[in-house]
Structures are given as C-alpha cells and as structure tokens.
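Trainee: model10.cif is reproduced below (mmCIF, C-alpha atoms and all ligand atoms).
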data_run
loop_
_atom_site.label_atom_id
_atom_site.label_comp_id
_atom_site.auth_asym_id
_atom_site.auth_seq_id
_atom_site.Cartn_x
_atom_site.Cartn_y
_atom_site.Cartn_z
CA MET A 1 0.00 0.00 0.00
CA LEU A 2 1.42 3.36 -1.05
CA THR A 3 0.85 6.46 1.09
CA LEU A 4 1.65 9.91 -0.20
CA GLY A 5 2.52 12.35 2.60
CA ILE A 6 2.25 16.11 2.10
CA GLU A 7 3.63 18.72 4.51
CA THR A 8 3.26 22.48 4.10
CA SER A 9 2.67 23.77 7.63
CA CYS A 10 5.48 26.32 7.73
CA ASP A 11 8.44 27.09 5.46
CA GLU A 12 9.09 23.57 4.17
CA THR A 13 7.21 22.07 1.25
CA ALA A 14 7.63 18.31 1.44
CA VAL A 15 6.24 15.18 -0.19
CA ALA A 16 7.01 11.54 0.59
CA LEU A 17 6.03 8.07 -0.56
CA LEU A 18 5.74 5.36 2.05
CA LYS A 19 5.21 1.68 1.31
CA ASP A 20 3.10 -0.39 3.73
CA GLY A 21 3.55 2.14 6.50
CA ARG A 22 7.21 1.35 7.07
CA ARG A 23 9.42 1.66 4.01
CA ILE A 24 10.36 5.10 2.70
CA LEU A 25 10.33 4.90 -1.10
CA GLY A 26 11.49 8.48 -1.38
CA HIS A 27 10.91 11.99 -0.17
CA ARG A 28 11.53 15.51 -1.41
CA LEU A 29 11.75 18.78 0.46
CA PHE A 30 12.10 22.40 -0.50
CA SER A 31 12.75 25.00 2.15
CA SER A 32 11.98 28.65 1.52
CA ILE A 33 14.21 29.56 4.47
CA VAL A 34 16.62 31.75 2.49
CA GLU A 35 13.67 33.96 1.56
CA HIS A 36 12.86 34.53 5.25
CA GLU A 37 16.38 34.84 6.63
CA ARG A 38 16.70 38.57 6.19
CA PHE A 39 13.51 39.11 8.21
CA GLY A 40 14.77 36.98 11.10
CA GLY A 41 11.69 34.76 11.01
CA VAL A 42 9.15 33.17 8.68
CA ILE A 43 6.90 35.55 6.73
CA PRO A 44 3.58 33.72 6.19
CA GLU A 45 2.72 35.20 2.79
CA VAL A 46 6.20 34.44 1.43
CA ALA A 47 5.93 30.86 2.73
CA SER A 48 2.54 30.18 1.10
CA ARG A 49 3.70 31.53 -2.24
CA ALA A 50 6.77 29.32 -2.12
CA HIS A 51 4.56 26.26 -1.45
CA ILE A 52 2.38 27.07 -4.46
CA GLU A 53 5.39 27.53 -6.70
CA CYS A 54 7.15 24.30 -5.88
CA ILE A 55 4.63 21.66 -4.78
CA PHE A 56 3.78 20.38 -8.28
CA GLY A 57 7.43 20.11 -9.27
CA LEU A 58 8.35 18.32 -6.04
CA LEU A 59 5.63 15.70 -6.49
CA ASP A 60 6.58 15.19 -10.15
CA ASP A 61 10.19 14.73 -9.21
CA LEU A 62 9.31 12.29 -6.40
CA LEU A 63 7.04 10.17 -8.61
CA THR A 64 9.61 10.05 -11.41
CA GLY A 65 12.43 9.25 -8.98
CA CYS A 66 10.44 6.38 -7.44
CA SER A 67 9.04 5.16 -10.80
CA VAL A 68 5.54 5.56 -9.42
CA SER A 69 2.55 6.84 -11.42
CA PRO A 70 -0.19 8.83 -9.65
CA ASP A 71 -2.72 6.00 -9.95
CA MET A 72 -0.43 3.74 -7.90
CA ILE A 73 -0.97 5.96 -4.82
CA ASP A 74 -3.47 4.36 -2.41
CA LEU A 75 -3.78 6.98 0.35
CA ILE A 76 -3.15 10.71 0.64
CA ALA A 77 -2.07 12.11 4.00
CA VAL A 78 -1.66 15.83 4.61
CA THR A 79 -0.87 18.07 7.56
CA ARG A 80 -4.09 19.68 8.84
CA GLY A 81 -2.39 21.78 11.56
CA PRO A 82 -0.94 23.40 13.52
CA GLY A 83 0.85 25.88 11.32
CA LEU A 84 0.41 28.94 9.14
CA ALA A 85 -3.13 29.09 7.74
CA GLY A 86 -2.17 30.03 4.18
CA SER A 87 0.61 27.46 4.06
CA LEU A 88 -1.58 24.65 5.42
CA LEU A 89 -4.28 25.50 2.88
CA VAL A 90 -1.89 25.03 -0.05
CA GLY A 91 -1.09 21.46 1.05
CA ILE A 92 -4.70 20.66 1.92
CA ALA A 93 -6.08 21.97 -1.40
CA PHE A 94 -3.40 20.04 -3.25
CA ALA A 95 -4.15 16.86 -1.29
CA LYS A 96 -7.92 17.22 -1.80
CA SER A 97 -7.50 17.69 -5.57
CA LEU A 98 -5.37 14.55 -5.77
CA ALA A 99 -7.73 12.53 -3.59
CA PHE A 100 -10.74 13.67 -5.63
CA SER A 101 -9.20 13.13 -9.05
CA LEU A 102 -7.69 9.74 -8.17
CA SER A 103 -10.68 8.64 -6.01
CA ARG A 104 -8.43 7.83 -3.09
CA PRO A 105 -8.96 8.27 0.67
CA LEU A 106 -7.72 11.43 2.31
CA VAL A 107 -6.51 11.76 5.87
CA GLY A 108 -5.59 14.93 7.75
CA VAL A 109 -2.70 14.64 10.21
CA ASN A 110 -1.75 16.56 13.33
CA HIS A 111 1.78 17.80 12.63
CA LEU A 112 2.87 17.39 16.26
CA GLN A 113 1.73 13.79 16.41
CA ALA A 114 3.52 13.21 13.11
CA HIS A 115 6.80 14.39 14.69
CA LEU A 116 6.60 11.46 17.13
CA HIS A 117 5.87 9.02 14.31
CA ALA A 118 9.26 9.94 12.83
CA ALA A 119 10.88 8.45 15.95
CA LEU A 120 8.66 5.35 15.89
CA LEU A 121 9.70 4.40 12.35
CA GLY A 122 11.41 1.00 12.31
CA LYS A 123 10.86 0.39 16.05
CA ARG A 124 8.48 -1.97 17.80
CA PHE A 125 5.77 0.13 19.39
CA SER A 126 5.43 0.23 23.12
CA PRO A 127 3.69 2.98 25.10
CA GLY A 128 5.83 5.82 26.35
CA VAL A 129 6.22 9.50 27.11
CA GLY A 130 6.52 11.66 24.00
CA LEU A 131 8.35 14.97 24.05
CA ILE A 132 7.77 17.19 21.04
CA VAL A 133 10.27 20.02 20.84
CA SER A 134 9.73 22.11 17.74
CA GLY A 135 9.86 25.70 16.64
CA GLY A 136 6.28 26.40 17.67
CA HIS A 137 5.51 23.82 20.37
CA THR A 138 6.96 22.07 23.37
CA THR A 139 4.57 19.36 24.46
CA LEU A 140 4.70 16.30 26.69
CA VAL A 141 2.26 13.50 25.96
CA TYR A 142 1.74 9.93 27.00
CA LEU A 143 1.46 7.82 23.87
CA LYS A 144 -0.82 4.83 24.59
CA THR A 145 -0.94 3.58 21.01
CA PRO A 146 0.52 5.11 17.84
CA THR A 147 -2.73 7.07 17.42
CA GLU A 148 -3.94 7.64 21.01
CA PHE A 149 -2.34 9.98 23.48
CA GLU A 150 -2.92 11.89 26.66
CA THR A 151 -1.52 15.42 26.93
CA LEU A 152 0.62 15.86 30.04
CA GLY A 153 1.94 19.39 29.65
CA ARG A 154 3.13 22.07 27.29
CA SER A 155 4.93 25.37 27.20
CA THR A 156 2.97 28.21 28.71
CA ASP A 157 4.81 30.74 26.53
CA ASP A 158 7.66 30.27 24.00
CA ALA A 159 8.55 26.89 22.54
CA ALA A 160 12.06 25.49 23.01
CA GLY A 161 12.89 25.97 19.32
CA GLU A 162 11.51 29.50 19.49
CA ALA A 163 13.92 30.24 22.35
CA TYR A 164 16.81 29.02 20.17
CA ASP A 165 15.63 31.21 17.30
CA LYS A 166 15.19 34.30 19.50
CA VAL A 167 18.54 33.85 21.25
CA ALA A 168 20.24 33.42 17.86
CA LYS A 169 18.66 36.69 16.78
CA ILE A 170 19.94 38.44 19.93
CA LEU A 171 23.43 37.08 19.23
CA GLY A 172 23.27 37.98 15.52
CA LEU A 173 23.54 34.35 14.41
CA GLY A 174 20.74 34.31 11.84
CA TYR A 175 17.68 32.11 11.42
CA PRO A 176 16.98 29.33 12.31
CA GLY A 177 18.94 29.46 15.53
CA GLY A 178 18.94 25.81 16.60
CA PRO A 179 21.62 24.30 14.37
CA VAL A 180 24.08 27.21 14.74
CA ILE A 181 23.69 27.45 18.53
CA ASP A 182 24.08 23.67 18.74
CA ARG A 183 27.37 23.88 16.80
CA LEU A 184 28.75 26.82 18.79
CA ALA A 185 27.64 25.35 22.13
CA ALA A 186 29.94 22.38 21.54
CA LYS A 187 32.89 24.80 21.62
CA GLY A 188 31.79 26.79 24.68
CA ASP A 189 31.70 26.32 28.44
CA PRO A 190 28.17 25.41 29.65
CA ALA A 191 29.04 26.40 33.23
CA ARG A 192 30.39 29.87 32.29
CA ILE A 193 27.07 31.66 32.89
CA ARG A 194 24.30 30.37 35.12
CA PHE A 195 21.09 31.31 33.30
CA PRO A 196 17.91 30.85 35.36
CA ARG A 197 15.92 27.66 34.91
CA ALA A 198 12.18 28.41 34.91
CA ARG A 199 10.32 26.25 37.38
CA VAL A 200 6.69 25.68 36.54
CA LYS A 201 6.03 24.08 39.89
CA ASP A 202 4.35 20.70 40.28
CA ARG A 203 3.16 20.69 36.71
CA LEU A 204 4.46 19.18 33.52
CA ASP A 205 4.41 22.54 31.76
CA PHE A 206 7.40 24.48 30.48
CA SER A 207 8.34 28.13 30.18
CA PHE A 208 11.08 29.35 27.84
CA SER A 209 10.46 33.07 27.56
CA GLY A 210 12.48 33.90 30.70
CA ILE A 211 15.68 32.34 29.40
CA LYS A 212 15.52 34.43 26.21
CA THR A 213 15.13 37.61 28.28
CA ALA A 214 17.99 36.52 30.56
CA VAL A 215 20.28 36.15 27.53
CA LEU A 216 19.13 39.53 26.20
CA TYR A 217 19.98 41.28 29.51
CA TYR A 218 23.23 39.38 29.85
CA VAL A 219 24.42 40.53 26.42
CA ARG A 220 23.27 44.11 27.10
CA ASP A 221 25.05 44.26 30.48
CA ASN A 222 28.28 42.51 29.51
CA ARG A 223 29.26 44.13 26.22
CA ALA A 224 32.72 45.00 27.54
CA LEU A 225 33.50 41.43 28.58
CA LEU A 226 32.36 40.21 25.17
CA GLU A 227 34.42 42.81 23.31
CA GLU A 228 37.51 42.02 25.39
CA GLY A 229 37.04 38.34 24.56
CA LYS A 230 36.63 37.38 28.23
CA ILE A 231 33.33 35.75 27.37
CA SER A 232 32.73 34.19 24.00
CA ILE A 233 29.52 33.78 22.01
CA ALA A 234 30.20 30.05 22.25
CA ASP A 235 30.09 30.29 26.08
CA ILE A 236 26.73 32.09 25.92
CA CYS A 237 25.40 29.44 23.51
CA ALA A 238 26.66 26.58 25.69
CA SER A 239 25.25 28.14 28.88
CA PHE A 240 21.90 28.88 27.24
CA GLN A 241 21.69 25.37 25.82
CA ALA A 242 22.55 23.82 29.19
CA ALA A 243 19.62 25.68 30.76
CA VAL A 244 17.19 24.61 28.01
CA ILE A 245 18.29 20.98 28.30
CA ASP A 246 17.94 21.04 32.11
CA MET A 247 14.38 22.37 31.82
CA LEU A 248 13.39 19.83 29.17
CA LEU A 249 14.91 16.86 30.96
CA GLU A 250 13.53 17.77 34.38
CA LYS A 251 9.95 17.62 33.09
CA ALA A 252 10.57 14.62 30.87
CA LEU A 253 11.86 12.70 33.87
CA LEU A 254 8.92 13.78 36.00
CA ALA A 255 6.52 12.60 33.27
CA LEU A 256 8.33 9.26 32.99
CA ARG A 257 8.06 8.79 36.75
CA GLN A 258 4.41 9.81 36.90
CA LYS A 259 3.49 7.42 34.12
CA ARG A 260 5.89 4.72 35.41
CA SER A 261 7.25 4.55 31.90
CA ARG A 262 10.72 3.63 30.69
CA ARG A 263 10.38 4.90 27.17
CA LEU A 264 10.97 8.45 25.99
CA ILE A 265 10.02 9.30 22.40
CA LEU A 266 11.49 12.52 21.04
CA GLY A 267 10.43 14.49 18.00
CA GLY A 268 10.64 17.94 16.42
CA GLY A 269 13.51 20.14 15.28
CA VAL A 270 15.15 20.48 18.71
CA SER A 271 15.38 16.67 19.01
CA ALA A 272 18.24 16.93 16.49
CA ASN A 273 20.26 18.79 19.14
CA GLN A 274 23.57 17.10 19.82
CA GLY A 275 23.89 18.51 23.32
CA LEU A 276 20.45 17.17 24.27
CA ARG A 277 21.31 13.72 22.93
CA ARG A 278 24.66 13.69 24.74
CA GLU A 279 23.00 14.63 28.05
CA LEU A 280 20.37 11.93 27.66
CA GLU A 281 23.15 9.39 27.23
CA ALA A 282 25.26 10.77 30.06
CA ARG A 283 22.71 11.35 32.83
CA LYS A 284 22.29 8.45 35.14
CA GLU A 285 18.58 9.15 35.75
CA PHE A 286 18.06 8.21 32.10
CA SER A 287 20.31 5.15 32.08
CA ASP A 288 17.39 2.72 32.29
CA ILE A 289 15.19 4.70 29.90
CA ASP A 290 14.85 3.63 26.31
CA VAL A 291 15.18 6.95 24.47
CA ILE A 292 14.17 6.95 20.81
CA TYR A 293 14.74 9.72 18.28
CA PRO A 294 13.87 10.28 14.65
CA ALA A 295 16.60 9.39 12.17
CA LYS A 296 18.85 12.20 11.06
CA GLY A 297 16.94 14.40 8.63
CA LEU A 298 13.55 13.39 10.05
CA CYS A 299 13.69 15.54 13.22
CA THR A 300 12.78 18.76 11.45
CA ASP A 301 9.70 19.10 9.26
CA ASN A 302 9.33 16.49 6.54
CA ALA A 303 6.56 14.57 4.76
CA VAL A 304 7.71 11.07 5.76
CA MET A 305 6.32 11.66 9.26
CA VAL A 306 3.01 12.84 7.77
CA ALA A 307 2.74 9.69 5.65
CA LEU A 308 3.58 7.55 8.70
CA ALA A 309 0.95 9.21 10.90
CA GLY A 310 -1.62 9.19 8.08
CA TYR A 311 -1.10 5.49 7.45
CA ALA A 312 -1.54 4.72 11.18
CA LEU A 313 -4.80 6.71 11.30
CA TYR A 314 -6.10 5.06 8.14
CA LYS A 315 -5.38 1.61 9.59
CA LYS A 316 -7.55 2.62 12.56
CA GLY A 317 -10.35 3.52 10.16
CA ILE A 318 -9.88 7.27 10.53
CA VAL A 319 -10.27 9.19 7.25
CA ASP A 320 -11.40 12.66 6.22
CA ASP A 321 -13.60 13.97 3.44
CA MET A 322 -13.60 17.10 1.29
CA HIS A 323 -14.57 19.17 4.36
CA LEU A 324 -11.03 18.79 5.69
CA ASN A 325 -9.84 22.26 6.61
CA ALA A 326 -6.70 23.91 7.94
CA GLU A 327 -6.51 24.05 11.74
CA PRO A 328 -3.73 26.58 12.42
CA SER A 329 -4.10 26.35 16.21
CA LEU A 330 -4.46 22.59 16.52
CA ARG A 331 -2.66 21.23 19.59
CA LEU A 332 -1.86 17.94 21.17
O1 LIG B 401 10.01 20.74 14.00
P1 LIG B 401 10.54 21.88 13.25
O2 LIG B 401 11.29 21.61 11.96
O3 LIG B 401 9.42 22.89 12.87
C1 LIG B 401 8.30 23.14 13.62
O4 LIG B 401 7.36 22.30 13.60
O5 LIG B 401 8.32 24.18 14.31
O6 LIG B 401 11.45 22.70 14.26
C2 LIG B 401 12.14 23.84 13.89
C3 LIG B 401 12.86 24.33 15.12
C4 LIG B 401 13.52 25.69 14.94
O7 LIG B 401 13.17 26.49 16.02
C5 LIG B 401 15.00 25.36 14.94
O8 LIG B 401 15.79 26.41 15.46
C6 LIG B 401 15.04 24.14 15.83
O9 LIG B 401 13.89 23.41 15.50
N1 LIG B 401 16.22 23.28 15.60
C7 LIG B 401 17.15 23.01 16.54
C8 LIG B 401 18.14 22.21 15.92
N2 LIG B 401 17.77 22.02 14.61
C9 LIG B 401 16.60 22.69 14.45
N3 LIG B 401 17.23 23.38 17.83
C10 LIG B 401 18.29 22.96 18.54
N4 LIG B 401 19.29 22.22 18.01
C11 LIG B 401 19.25 21.81 16.72
N5 LIG B 401 20.24 21.06 16.22
ZN ZN B 402 7.45 20.60 12.94
#
Could you write out this structure as structure tokens?
Ligand code: KG4
Ligand code: ZN

Mentor:
Amino acid sequence: MLTLGIETSCDETAVALLKDGRRILGHRLFSSIVEHERFGGVIPEVASRAHIECIFGLLDDLLTGCSVSPDMIDLIAVTRGPGLAGSLLVGIAFAKSLAFSLSRPLVGVNHLQAHLHAALLGKRFSPGVGLIVSGGHTTLVYLKTPTEFETLGRSTDDAAGEAYDKVAKILGLGYPGGPVIDRLAAKGDPARIRFPRARVKDRLDFSFSGIKTAVLYYVRDNRALLEEGKISIADICASFQAAVIDMLLEKALLALRQKRSRRLILGGGVSANQGLRRELEARKEFSDIDVIYPAKGLCTDNAVMVALAGYALYKKGIVDDMHLNAEPSLRL
C-alpha cells in the first residue's frame, strides 16, 4: 500500500512516498528559508507563495524518482495543523485535488503527532512518554498507542525551538537558531554563565520566555567582557543550551516517573540537538530509559512523518472527506 505524505505547515514544502507504513520509497523537500532569513523569522505570505510555486514540481520529481505513477498511490495524508493558515491550505487543497481526481482516501494529520511518528519508524511500538520540541511547540504526551495519546503538559509561553531562534537573533547568528547554537555550544563552556531555569512548579508545563530575556539582559550588560574576549559567544550558547536541556529533561523525567514509563520518544527540530542527545546518554537518571529519536533528517519538518501518521490513522479507520480544513491552532 502506497501512502503519499504532504507537509506544508510552515516554510518547508515536502512530499514523501511510504510503502506499507514502514518503508520510505522516497521523499523531497524544498525549504523557503533563504527567503525569510533577512527578516529573522518566517513571513507567512512568502511561505505560502513558495509552497504554491514548488509543490507540483516536487511531487513530479518524487514520482519520477520512485518510478511511481499517480494512480499507484493508495492513500493521501496531509498536515491539517498546527501551522500557518495560508501554508496549510496550499497542502490541503493540493491533497484534496489529488484525492478527488484519483478517487483515493484522504486523511488529515496533526503535525505534532507526526513528529513522534518519525521516531517510531522501524521500532516496535510500546507505550511511552513523548516529548515534542519544535519551533512552535513544546509538548509532553503519553502515547498509549501510535494514534492515542494523553496530553501531560506544554509550554505556557515560548517553545524550546523559538527560544533558540530568539537567542540566535539576539546574538546575531541568523535564522533558524537551533543548528548554529548547537554547533557553537559544543565549543563553549556550559558552566560559564548560570542562566535561570524556569520552574513551573508541580506541573508538567514548560516556560522558555524567561531564558531568552535573561540572555538579552546578559548581552546588554556585559558588552565590555564580550568585546575584550573574556566571554565568548560560544560560552553564551553553551550556557543557554545547558539551561534549556535542564528544563526539558527535568519535566521529561517527572513525566516518565508519573506514568511509570521507561520509554521516551522525542520528535521535532530540537530533538536533532547534539547537546540534548549527549546529556540523555550521560545522565544516570536516564540510564534505564529507552530513548528513541527520529533518524537524522527526520527531526525537522518532513513529509515522511506525515505519511507515517496518516497510514496509522487510516489503519484505525480514521479518514477525512472534502470538508477537511486547515486548523492553524491545533494542539496535542
Ligand atoms: O520541528 P521543526 O522543523 O518545525 C516546527 O514544527 O516548528 O522545528 C524547527 C525548530 C527551529 O526552532 C530550529 O531552530 C530548531 O527546531 N532546531 C534546533 C536544531 N535544529 C533545528 N534546535 C536545537 N538544536 C538543533 N540542532
Ligand atoms: Zn514541525
């Protein structure tokens, strides 16, 4: 059975072909990131136009590359939300047209749930705590089955990825901030500056807006030290990253304990972070936890995860019709 996955929730246009819910036949991705870089963040109108311009070509290229004709597609899965309304609508309209013209089932997918499916690929499913750390969301869930979950907590303000992007902007490192801060952090001293760790007491919620402000004030108040080279940008990145990782892991551990679970499933752009992965391996509290991540290249937005989640929903008998609409504020 061939599933076509379509992802257009933000600045990446992506399509993927998945065979029998587990084998990636191929996937294609175009990112309009260079068009947003100079603004320091994604401009919705620019993103939707980019989706319109490239989605046909991407699908053509994918089908040709996989030697698949449109009529061989059995199921069409598309991101329904969360994301930018205009961007989501491009993917949804495209998916509906394909489903209608080919007479194939259509299934709308929650992008956040799809991020966890990227980690589940190729692994035997067992229930566990899922931590989604993306540019727009930081959410803890308990995954009972691949399609059923219970929400445990989420960020009350900025997402973890958003904090990376904002701190990168403060430090003049460009957009997106995650990969560059991750690289620089490896060269800095994480104990050089003690940034505050937000404590959302007794709950499994997060808060990342304070850390961004702390970095902003630190840079403002320590210009001389920075100019004299007594503190490096790498030290700020390493210290900021250490604080973010502490906050994420504290709540992840609490969730694992509360649910008496030994499995942690990570997903979303920040799950690519090398520092986070190193800490999870090094900390003894996590030594008996089975931590699973998406493969390299499947942490950030892609259409493979959408095809995976769509296939799982379809197998449960969940499908959509032509009333499928964009849900920009959809949550988990
Ligand atoms: O999941 P994603 O591709 O898009 C959303 O659904 O939001 O996540 C993008 C976010 C951005 O904020 C980016 O800065 C962050 O993931 N990111 C990283 C890394 N790679 C991407 N954050 C930390 N370390 C990384 N290596
Ligand atoms: Zn995402």

Trainee: Nearest to A:Leu248 among A:Gly188, A:Gly229, A:Pro176, A:Gly153, with distances taken over only C-alpha atoms: which residue is it?

Mentor: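 For A:Leu248, the nearest of the candidates is A:Gly153.
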
Trainee: Using all atoms listed in the file, which protein or nucleic acid residues come within 7 Å of stretch 42-50 of chain A? Drop anything in the same chain fewer than 2 positions from it, and give the result as number ranges by chain.

Mentor: A: 10-11, 32, 36, 52-54, 84, 86-87, 90

Trainee: Return as CSV the residues of chain A lying at most 6 Å from ligand ZN 402 (chain B), together with the closest atom-to-atom pair for each and the distance in Å to one decimal, counting only C-alpha atoms and all ligand atoms, with rows in chain order and ascending residue number.

Mentor:
residue,atom,partner,partner_atom,distance
A:Ser134,CA,B:ZN402,ZN,5.5
A:Gly268,CA,B:ZN402,ZN,5.4
A:Thr300,CA,B:ZN402,ZN,5.8
A:Asp301,CA,B:ZN402,ZN,4.6

Trainee: Counting all atoms listed in the file, which residues of chain A fall within 9 Å of ligand LIG 401 (chain B), and what is the closest atom pair for each with its distance in Å at one decimal, ordered by chain and rising number, as JSON lines?

Mentor:
{"residue": "A:Ser9", "atom": "CA", "partner": "B:LIG401", "partner_atom": "O4", "distance": 7.7}
{"residue": "A:Cys10", "atom": "CA", "partner": "B:LIG401", "partner_atom": "C1", "distance": 7.3}
{"residue": "A:Asp11", "atom": "CA", "partner": "B:LIG401", "partner_atom": "O3", "distance": 8.6}
{"residue": "A:Glu12", "atom": "CA", "partner": "B:LIG401", "partner_atom": "O2", "distance": 8.3}
{"residue": "A:Pro82", "atom": "CA", "partner": "B:LIG401", "partner_atom": "O4", "distance": 8.4}
{"residue": "A:Gly83", "atom": "CA", "partner": "B:LIG401", "partner_atom": "O4", "distance": 7.8}
{"residue": "A:His111", "atom": "CA", "partner": "B:LIG401", "partner_atom": "O4", "distance": 7.2}
{"residue": "A:Leu112", "atom": "CA", "partner": "B:LIG401", "partner_atom": "O4", "distance": 7.2}
{"residue": "A:His115", "atom": "CA", "partner": "B:LIG401", "partner_atom": "O1", "distance": 7.1}
{"residue": "A:Ile132", "atom": "CA", "partner": "B:LIG401", "partner_atom": "O1", "distance": 8.2}
{"residue": "A:Val133", "atom": "CA", "partner": "B:LIG401", "partner_atom": "O1", "distance": 6.9}
{"residue": "A:Ser134", "atom": "CA", "partner": "B:LIG401", "partner_atom": "O6", "distance": 3.9}
{"residue": "A:Gly135", "atom": "CA", "partner": "B:LIG401", "partner_atom": "O5", "distance": 3.2}
{"residue": "A:Gly136", "atom": "CA", "partner": "B:LIG401", "partner_atom": "O5", "distance": 4.5}
{"residue": "A:His137", "atom": "CA", "partner": "B:LIG401", "partner_atom": "O5", "distance": 6.7}
{"residue": "A:Ala159", "atom": "CA", "partner": "B:LIG401", "partner_atom": "O7", "distance": 8.0}
{"residue": "A:Ala160", "atom": "CA", "partner": "B:LIG401", "partner_atom": "O7", "distance": 7.1}
{"residue": "A:Gly161", "atom": "CA", "partner": "B:LIG401", "partner_atom": "O7", "distance": 3.4}
{"residue": "A:Glu162", "atom": "CA", "partner": "B:LIG401", "partner_atom": "O7", "distance": 4.9}
{"residue": "A:Ala163", "atom": "CA", "partner": "B:LIG401", "partner_atom": "O7", "distance": 7.4}
{"residue": "A:Tyr164", "atom": "CA", "partner": "B:LIG401", "partner_atom": "O8", "distance": 5.5}
{"residue": "A:Asp165", "atom": "CA", "partner": "B:LIG401", "partner_atom": "O8", "distance": 5.1}
{"residue": "A:Lys166", "atom": "CA", "partner": "B:LIG401", "partner_atom": "O7", "distance": 8.8}
{"residue": "A:Ala168", "atom": "CA", "partner": "B:LIG401", "partner_atom": "O8", "distance": 8.6}
{"residue": "A:Tyr175", "atom": "CA", "partner": "B:LIG401", "partner_atom": "O8", "distance": 7.2}
{"residue": "A:Pro176", "atom": "CA", "partner": "B:LIG401", "partner_atom": "O8", "distance": 4.5}
{"residue": "A:Gly177", "atom": "CA", "partner": "B:LIG401", "partner_atom": "O8", "distance": 4.4}
{"residue": "A:Gly178", "atom": "CA", "partner": "B:LIG401", "partner_atom": "N3", "distance": 3.2}
{"residue": "A:Pro179", "atom": "CA", "partner": "B:LIG401", "partner_atom": "N5", "distance": 4.0}
{"residue": "A:Val180", "atom": "CA", "partner": "B:LIG401", "partner_atom": "N5", "distance": 7.4}
{"residue": "A:Ile181", "atom": "CA", "partner": "B:LIG401", "partner_atom": "N4", "distance": 6.9}
{"residue": "A:Asp182", "atom": "CA", "partner": "B:LIG401", "partner_atom": "N4", "distance": 5.1}
{"residue": "A:Arg183", "atom": "CA", "partner": "B:LIG401", "partner_atom": "N5", "distance": 7.7}
{"residue": "A:Gln241", "atom": "CA", "partner": "B:LIG401", "partner_atom": "C10", "distance": 8.4}
{"residue": "A:Gly267", "atom": "CA", "partner": "B:LIG401", "partner_atom": "O1", "distance": 7.4}
{"residue": "A:Gly268", "atom": "CA", "partner": "B:LIG401", "partner_atom": "O1", "distance": 3.8}
{"residue": "A:Gly269", "atom": "CA", "partner": "B:LIG401", "partner_atom": "O9", "distance": 3.3}
{"residue": "A:Val270", "atom": "CA", "partner": "B:LIG401", "partner_atom": "N3", "distance": 3.7}
{"residue": "A:Ser271", "atom": "CA", "partner": "B:LIG401", "partner_atom": "C11", "distance": 6.8}
{"residue": "A:Ala272", "atom": "CA", "partner": "B:LIG401", "partner_atom": "N5", "distance": 4.6}
{"residue": "A:Asn273", "atom": "CA", "partner": "B:LIG401", "partner_atom": "N5", "distance": 3.7}
{"residue": "A:Gln274", "atom": "CA", "partner": "B:LIG401", "partner_atom": "N5", "distance": 6.3}
{"residue": "A:Gly275", "atom": "CA", "partner": "B:LIG401", "partner_atom": "N4", "distance": 7.9}
{"residue": "A:Leu276", "atom": "CA", "partner": "B:LIG401", "partner_atom": "N4", "distance": 8.1}
{"residue": "A:Leu298", "atom": "CA", "partner": "B:LIG401", "partner_atom": "O2", "distance": 8.7}
{"residue": "A:Cys299", "atom": "CA", "partner": "B:LIG401", "partner_atom": "O1", "distance": 6.4}
{"residue": "A:Thr300", "atom": "CA", "partner": "B:LIG401", "partner_atom": "O2", "distance": 3.3}
{"residue": "A:Asp301", "atom": "CA", "partner": "B:LIG401", "partner_atom": "O2", "distance": 4.0}
{"residue": "A:Asn302", "atom": "CA", "partner": "B:LIG401", "partner_atom": "O2", "distance": 7.7}

Trainee: Which of these, A:Ala186, A:Ala312, A:Met1, A:Val319, has the shortest distance to A:Arg23 once you count all atoms listed in the file?

Mentor: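 Closest to A:Arg23 of all the choices is A:Met1.
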
Trainee: With all atoms listed in the file as the basis for distance, which of A:Leu216, A:Ala114, A:Ile292, A:Leu2 is at the shortest distance from A:Asp71?

Mentor: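 Once distances to A:Asp71 are computed over all atoms listed in the file, the minimum belongs to A:Leu2.
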
Trainee: For a test of reading the model, state the distance in Å between atom CA of A:Val107 and atom CA of A:Phe94, rounded to one decimal.

Mentor: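 So the two atoms, atom CA of A:Val107 and atom CA of A:Phe94, lie 12.7 Å apart.
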
Trainee: Here is a test: counting all atoms listed in the file, which residue of A:Ala191, A:Ala224, A:Ala234, A:Leu140 is nearest to A:Glu250?

Mentor: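 Closest residue, counting all atoms listed in the file: A:Leu140.
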
Trainee: Using only C-alpha atoms, find the one residue out of A:Gly128, A:Ala243, A:Asp202, A:Lys315 that sits nearest to A:Lys144.

Mentor: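 For A:Lys144, the nearest of the candidates is A:Gly128.
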
Trainee: Please provide the set of residues having any atom within 10 Å of A:Leu264, restricted to only C-alpha atoms, with same-chain residues fewer than 6 positions apart removed, written as a PyMOL selection string.

Mentor: chain A and resi 127-131+142-143+252-253+255-256+286+289-293

Trainee: Write a file of the just-selected residues containing C-alpha atoms, as a PDB file, keeping the file's coordinate frame.

Mentor:
ATOM      1  CA  PRO A 127       3.690   2.980  25.100  1.00  0.00           C
ATOM      2  CA  GLY A 128       5.830   5.820  26.350  1.00  0.00           C
ATOM      3  CA  VAL A 129       6.220   9.500  27.110  1.00  0.00           C
ATOM      4  CA  GLY A 130       6.520  11.660  24.000  1.00  0.00           C
ATOM      5  CA  LEU A 131       8.350  14.970  24.050  1.00  0.00           C
ATOM      6  CA  TYR A 142       1.740   9.930  27.000  1.00  0.00           C
ATOM      7  CA  LEU A 143       1.460   7.820  23.870  1.00  0.00           C
ATOM      8  CA  ALA A 252      10.570  14.620  30.870  1.00  0.00           C
ATOM      9  CA  LEU A 253      11.860  12.700  33.870  1.00  0.00           C
ATOM     10  CA  ALA A 255       6.520  12.600  33.270  1.00  0.00           C
ATOM     11  CA  LEU A 256       8.330   9.260  32.990  1.00  0.00           C
ATOM     12  CA  PHE A 286      18.060   8.210  32.100  1.00  0.00           C
ATOM     13  CA  ILE A 289      15.190   4.700  29.900  1.00  0.00           C
ATOM     14  CA  ASP A 290      14.850   3.630  26.310  1.00  0.00           C
ATOM     15  CA  VAL A 291      15.180   6.950  24.470  1.00  0.00           C
ATOM     16  CA  ILE A 292      14.170   6.950  20.810  1.00  0.00           C
ATOM     17  CA  TYR A 293      14.740   9.720  18.280  1.00  0.00           C
TER      18      TYR A 293
END

Trainee: At what distance in Å, to one decimal, does atom CA of A:Gly122 lie from atom CA of A:Ala309?

Mentor: 13.4 Å

Trainee: Provide the atom CA of A:Leu280 to atom CA of A:Leu249 distance in Å, to one decimal place.

Mentor: 8.1 Å
